[in-house]
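my_file26.pdb (PDB, C-alpha atoms) appears below.
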ATOM      1  CA  MET A  20     105.252  80.028 122.953
ATOM      2  CA  SER A  21     105.454  83.716 123.883
ATOM      3  CA  GLY A  22     106.670  84.374 120.321
ATOM      4  CA  PHE A  23     103.113  83.925 119.144
ATOM      5  CA  LEU A  24     101.921  87.018 121.066
ATOM      6  CA  PRO A  25     102.583  89.312 118.079
ATOM      7  CA  MET A  26     100.691  86.844 115.881
ATOM      8  CA  ILE A  27      97.550  86.911 118.021
ATOM      9  CA  THR A  28      97.709  90.706 118.281
ATOM     10  CA  TRP A  29      98.074  91.015 114.507
ATOM     11  CA  TYR A  30      95.349  88.476 113.905
ATOM     12  CA  VAL A  31      92.907  90.219 116.210
ATOM     13  CA  GLN A  32      93.686  93.620 114.702
ATOM     14  CA  LEU A  33      93.189  92.202 111.218
ATOM     15  CA  TRP A  34      89.682  91.074 112.148
ATOM     16  CA  SER A  35      88.656  94.249 113.979
ATOM     17  CA  LEU A  36      85.424  95.175 112.260
ATOM     18  CA  GLU A  37      81.822  96.102 112.901
ATOM     19  CA  MET A  38      79.483  93.138 113.293
ATOM     20  CA  PRO A  39      75.683  93.249 113.136
ATOM     21  CA  THR A  40      73.796  91.902 116.122
ATOM     22  CA  SER A  41      70.195  91.402 117.057
ATOM     23  CA  SER A  42      70.559  93.822 119.956
ATOM     24  CA  GLU A  43      70.993  97.563 119.847
ATOM     25  CA  ILE A  44      74.532  97.291 121.197
ATOM     26  CA  PRO A  45      77.138  97.977 118.510
ATOM     27  CA  THR A  46      79.574  95.096 118.453
ATOM     28  CA  VAL A  47      83.192  95.364 117.395
ATOM     29  CA  LEU A  48      85.166  92.197 116.913
ATOM     30  CA  ASP A  49      88.013  92.485 119.403
ATOM     31  CA  LEU A  50      88.928  88.993 120.519
ATOM     32  CA  SER A  51      91.915  90.265 122.492
ATOM     33  CA  ALA A  52      89.586  92.362 124.684
ATOM     34  CA  ILE A  53      87.589  89.224 125.511
ATOM     35  CA  LEU A  54      90.738  87.305 126.454
ATOM     36  CA  GLU A  55      92.161  90.169 128.472
ATOM     37  CA  GLY A  56      88.846  90.628 130.290
ATOM     38  CA  LEU A  57      88.665  86.943 131.200
ATOM     39  CA  LEU A  58      92.212  87.082 132.539
ATOM     40  CA  LYS A  59      91.724  90.309 134.499
ATOM     41  CA  ALA A  60      88.560  88.847 136.057
ATOM     42  CA  ASP A  61      90.707  85.914 137.255
ATOM     43  CA  ILE A  62      88.468  83.368 135.524
ATOM     44  CA  LYS A  63      89.873  79.869 135.205
ATOM     45  CA  PHE A  64      89.478  78.711 131.599
ATOM     46  CA  ILE A  65      91.208  76.906 128.763
ATOM     47  CA  LEU A  66      91.288  78.490 125.323
ATOM     48  CA  VAL A  67      90.098  75.921 122.757
ATOM     49  CA  GLY A  68      88.925  76.016 119.158
ATOM     50  CA  GLY A  69      90.227  78.088 116.282
ATOM     51  CA  LEU A  70      91.898  80.800 118.355
ATOM     52  CA  ALA A  71      93.798  78.132 120.321
ATOM     53  CA  ALA A  72      95.179  76.890 117.007
ATOM     54  CA  VAL A  73      96.015  80.420 115.845
ATOM     55  CA  VAL A  74      98.027  81.324 118.952
ATOM     56  CA  GLN A  75     100.087  78.168 118.397
ATOM     57  CA  GLY A  76     100.944  79.163 114.838
ATOM     58  CA  SER A  77      98.235  77.495 112.782
ATOM     59  CA  PRO A  78      97.060  79.611 109.822
ATOM     60  CA  VAL A  79      93.318  79.132 110.330
ATOM     61  CA  THR A  80      90.579  81.731 110.527
ATOM     62  CA  THR A  81      88.239  82.207 113.449
ATOM     63  CA  MET A  82      85.792  84.895 114.412
ATOM     64  CA  ASP A  83      85.120  83.933 118.034
ATOM     65  CA  VAL A  84      86.667  82.944 121.333
ATOM     66  CA  ASP A  85      85.948  79.409 122.569
ATOM     67  CA  ILE A  86      86.684  78.525 126.180
ATOM     68  CA  VAL A  87      86.130  75.575 128.471
ATOM     69  CA  HIS A  88      85.657  76.971 131.969
ATOM     70  CA  ASN A  89      86.223  75.618 135.438
ATOM     71  CA  ARG A  90      82.737  74.968 136.817
ATOM     72  CA  SER A  91      83.442  75.755 140.477
ATOM     73  CA  SER A  92      80.844  78.060 142.035
ATOM     74  CA  GLU A  93      83.454  80.793 142.615
ATOM     75  CA  ASN A  94      84.576  80.653 138.970
ATOM     76  CA  ILE A  95      80.958  80.632 137.718
ATOM     77  CA  SER A  96      80.261  83.785 139.748
ATOM     78  CA  LYS A  97      83.315  85.530 138.280
ATOM     79  CA  LEU A  98      82.370  84.410 134.777
ATOM     80  CA  PHE A  99      78.782  85.601 135.200
ATOM     81  CA  ALA A 100      79.947  89.041 136.395
ATOM     82  CA  PHE A 101      82.356  89.269 133.455
ATOM     83  CA  LEU A 102      79.672  88.284 130.941
ATOM     84  CA  LYS A 103      77.364  90.980 132.332
ATOM     85  CA  SER A 104      80.184  93.542 132.110
ATOM     86  CA  ILE A 105      80.616  92.907 128.364
ATOM     87  CA  ASP A 106      76.869  92.975 127.663
ATOM     88  CA  ALA A 107      76.667  89.280 126.779
ATOM     89  CA  THR A 108      73.404  87.906 125.403
ATOM     90  CA  TYR A 109      72.671  84.444 124.081
ATOM     91  CA  ARG A 110      73.300  84.035 120.338
ATOM     92  CA  ARG A 111      70.224  82.553 118.710
ATOM     93  CA  PRO A 112      69.213  81.773 115.124
ATOM     94  CA  ASP A 113      65.894  83.590 115.586
ATOM     95  CA  ASN A 114      67.682  86.785 116.756
ATOM     96  CA  LYS A 115      65.660  86.849 119.964
ATOM     97  CA  VAL A 116      67.661  88.638 122.652
ATOM     98  CA  ILE A 117      67.843  86.643 125.885
ATOM     99  CA  GLY A 118      69.756  87.870 128.908
ATOM    100  CA  LEU A 119      72.028  85.908 131.188
ATOM    101  CA  ASN A 120      71.207  83.489 133.946
ATOM    102  CA  GLU A 121      73.960  82.382 136.335
ATOM    103  CA  GLU A 122      72.329  78.984 136.833
ATOM    104  CA  ASP A 123      72.537  78.298 133.086
ATOM    105  CA  ILE A 124      76.299  78.671 132.858
ATOM    106  CA  SER A 125      76.827  76.386 135.827
ATOM    107  CA  GLY A 126      75.282  73.541 133.816
ATOM    108  CA  MET A 127      76.833  71.100 131.374
ATOM    109  CA  GLY A 128      75.932  72.924 128.182
ATOM    110  CA  HIS A 129      77.420  75.054 125.442
ATOM    111  CA  PHE A 130      76.602  78.737 125.849
ATOM    112  CA  LEU A 131      77.041  80.870 122.756
ATOM    113  CA  PHE A 132      77.122  84.586 123.490
ATOM    114  CA  THR A 133      77.235  87.810 121.536
ATOM    115  CA  THR A 134      79.160  90.486 123.413
ATOM    116  CA  ARG A 135      80.148  94.058 122.647
ATOM    117  CA  PHE A 136      83.571  92.661 121.656
ATOM    118  CA  GLY A 137      82.349  89.783 119.512
ATOM    119  CA  PRO A 138      81.252  86.166 119.902
ATOM    120  CA  LEU A 139      82.250  84.182 122.988
ATOM    121  CA  ASP A 140      81.447  80.478 123.292
ATOM    122  CA  VAL A 141      81.503  79.261 126.906
ATOM    123  CA  LEU A 142      81.660  75.482 126.972
ATOM    124  CA  ALA A 143      81.312  73.100 129.906
ATOM    125  CA  PHE A 144      82.995  70.410 127.803
ATOM    126  CA  ILE A 145      84.257  69.749 124.287
ATOM    127  CA  GLU A 146      84.555  66.682 122.061
ATOM    128  CA  GLN A 147      84.491  63.316 123.821
ATOM    129  CA  GLY A 148      82.916  64.960 126.879
ATOM    130  CA  LYS A 149      86.217  66.453 128.037
ATOM    131  CA  ALA A 150      85.737  69.124 130.719
ATOM    132  CA  TYR A 151      88.174  71.645 132.212
ATOM    133  CA  GLU A 152      89.773  69.170 134.620
ATOM    134  CA  ASP A 153      90.218  66.575 131.846
ATOM    135  CA  LEU A 154      91.953  69.073 129.581
ATOM    136  CA  LEU A 155      94.373  70.731 132.034
ATOM    137  CA  GLU A 156      97.174  68.234 131.415
ATOM    138  CA  HIS A 157      96.857  68.867 127.659
ATOM    139  CA  THR A 158      97.467  72.614 127.779
ATOM    140  CA  VAL A 159     100.351  74.923 127.079
ATOM    141  CA  GLU A 160     100.829  78.246 128.816
ATOM    142  CA  ILE A 161     101.103  81.286 126.573
ATOM    143  CA  GLU A 162     101.914  84.784 127.784
ATOM    144  CA  PHE A 163      99.418  87.431 126.745
ATOM    145  CA  ARG A 164      99.552  91.032 127.990
ATOM    146  CA  SER A 165     101.390  90.115 131.205
ATOM    147  CA  HIS A 166      99.012  87.222 131.908
ATOM    148  CA  ILE A 167      99.234  83.509 131.246
ATOM    149  CA  ILE A 168      96.561  81.824 129.134
ATOM    150  CA  ARG A 169      96.075  78.078 129.284
ATOM    151  CA  VAL A 170      95.633  76.895 125.704
ATOM    152  CA  LEU A 171      94.662  73.413 124.571
ATOM    153  CA  ASN A 172      97.790  72.073 122.890
ATOM    154  CA  LEU A 173      97.817  71.505 119.157
ATOM    155  CA  LYS A 174      98.348  67.746 119.475
ATOM    156  CA  THR A 175      95.145  67.388 121.498
ATOM    157  CA  LEU A 176      93.252  69.706 119.129
ATOM    158  CA  VAL A 177      94.269  67.428 116.250
ATOM    159  CA  GLU A 178      93.221  64.278 118.133
ATOM    160  CA  LEU A 179      89.819  65.746 118.969
ATOM    161  CA  LYS A 180      89.199  67.051 115.455
ATOM    162  CA  LYS A 181      89.997  63.617 114.009
ATOM    163  CA  ALA A 182      87.065  62.209 115.966
ATOM    164  CA  SER A 183      84.729  65.079 115.074
ATOM    165  CA  ARG A 184      81.855  64.704 112.620
ATOM    166  CA  ASP A 185      81.704  68.441 111.889
ATOM    167  CA  PRO A 186      82.714  69.186 108.248
ATOM    168  CA  LYS A 187      84.383  72.449 109.359
ATOM    169  CA  ASP A 188      86.593  70.470 111.747
ATOM    170  CA  LYS A 189      87.535  68.036 108.982
ATOM    171  CA  GLN A 190      88.554  70.938 106.723
ATOM    172  CA  ARG A 191      90.731  72.466 109.435
ATOM    173  CA  LEU A 192      92.269  69.133 110.362
ATOM    174  CA  ILE A 193      94.655  69.131 107.400
ATOM    175  CA  VAL A 194      96.017  72.556 108.357
ATOM    176  CA  LEU A 195      96.292  71.651 112.042
ATOM    177  CA  GLU A 196      98.150  68.423 111.255
ATOM    178  CA  GLU A 197     100.605  70.258 108.992
ATOM    179  CA  THR A 198     101.223  72.917 111.641
ATOM    180  CA  LEU A 199     101.847  70.212 114.236
ATOM    181  CA  ARG A 200     104.218  68.393 111.868
ATOM    182  CA  GLN A 201     106.216  71.580 111.314
ATOM    183  CA  MET A 202     106.318  72.333 115.051
ATOM    184  CA  ASN A 203     107.666  68.837 115.735
ATOM    185  CA  GLU A 204     110.428  69.339 113.157
ATOM    186  CA  ASP A 205     111.746  72.424 114.961
TER
END
Would you give me this structure, written as structure tokens?
Amino acid sequence: MSGFLPMITWYVQLWSLEMPTSSEIPTVLDLSAILEGLLKADIKFILVGGLAAVVQGSPVTTMDVDIVHNRSSENISKLFAFLKSIDATYRRPDNKVIGLNEEDISGMGHFLFTTRFGPLDVLAFIEQGKAYEDLLEHTVEIEFRSHIIRVLNLKTLVELKKASRDPKDKQRLIVLEETLRQMNED
């Protein structure tokens, strides 16, 4: 899987652009900086969503980082410190800027943040209520900048998207299934 490192680097560079936010902080989309920061902060997480598909070779587009995090108190503290360090605020449809609360991210919700590097979605669970511990056995390890990222494997992504009701997931499903088919042929 380490052969996909150039792909993620290229992909992230391709999408490096200015993004408007509701705060006064200029935001540049740099998904690799988010991943590298999470890894350097020693946060336990699993990369899920569109970027997980991309790093496994799927030609889909994504503009954010989606993670499912370990909800231990030590990991929550590390995650909270990291979020503060990248100026994370909650993403809201009304553009109201709301700061962080460590108690919030220890809960069972989905936390959608705007950061100075771009959007970061911190999820306690994903489809079918699957949390960090449930997903560990369905991950692959991918090397990224001398670190190892746990990534939800493509087979599991496909299975979860099949059960999804989200139209965006249904559109991506065809591409994910084809990528998985080609991977299995190799």
Please identify every residue of stretch 50-105 of chain A that has at least one atom no farther than 7 Å from an atom of stretch 113-130 of chain A, counting all atoms listed in the file, and for each give the shortest atom pair and the distance in Å to one decimal, arranged by chain then increasing number, as a Markdown table.
| residue | atom | partner | partner_atom | distance |
| --- | --- | --- | --- | --- |
| A:Arg90 | CA | A:Ser125 | CA | 6.2 |
| A:Ile95 | CA | A:Ser125 | CA | 6.2 |
| A:Phe99 | CA | A:Glu121 | CA | 5.9 |
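Of the residues under consideration (A:Val73, A:Ile161, A:Gly56, A:Tyr151), A:Gly56 shows the shortest atom-to-atom contact distance to A:Ala100 when counting all atoms listed in the file.
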Near stretch 172-177 of chain A, counting all atoms listed in the file, which residues have an atom at most 10 Å away, once you skip same-chain residues fewer than 5 positions from it, shown as a VMD selection string? chain A and resid 66 to 69 71 to 77 146 154 to 160 182 to 183 188 to 189 191 to 196 198 to 200 202
With the PyMOL selection byres ((chain A and resi 82) around 9) as the selection, what would be picked from this file? Answer as a ChimeraX atom specification, please. /A:34,48,50,69-70,80-81,83-84,137-138
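Atom CA of A:Ala107 is found 18.3 Å from atom CA of A:Lys63.
By all atoms listed in the file, and with residues fewer than 6 positions from A:Ile86 along its chain excluded, the set lying at most 9 Å from it is Phe64, Ile65, Leu66, Val67, Gly68, Leu139, Asp140, Val141, Leu142 and Ala143 of chain A.
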Please compute the atom CA of A:Asn94-atom CA of A:Ala150 distance, one decimal, in Å. 14.2 Å
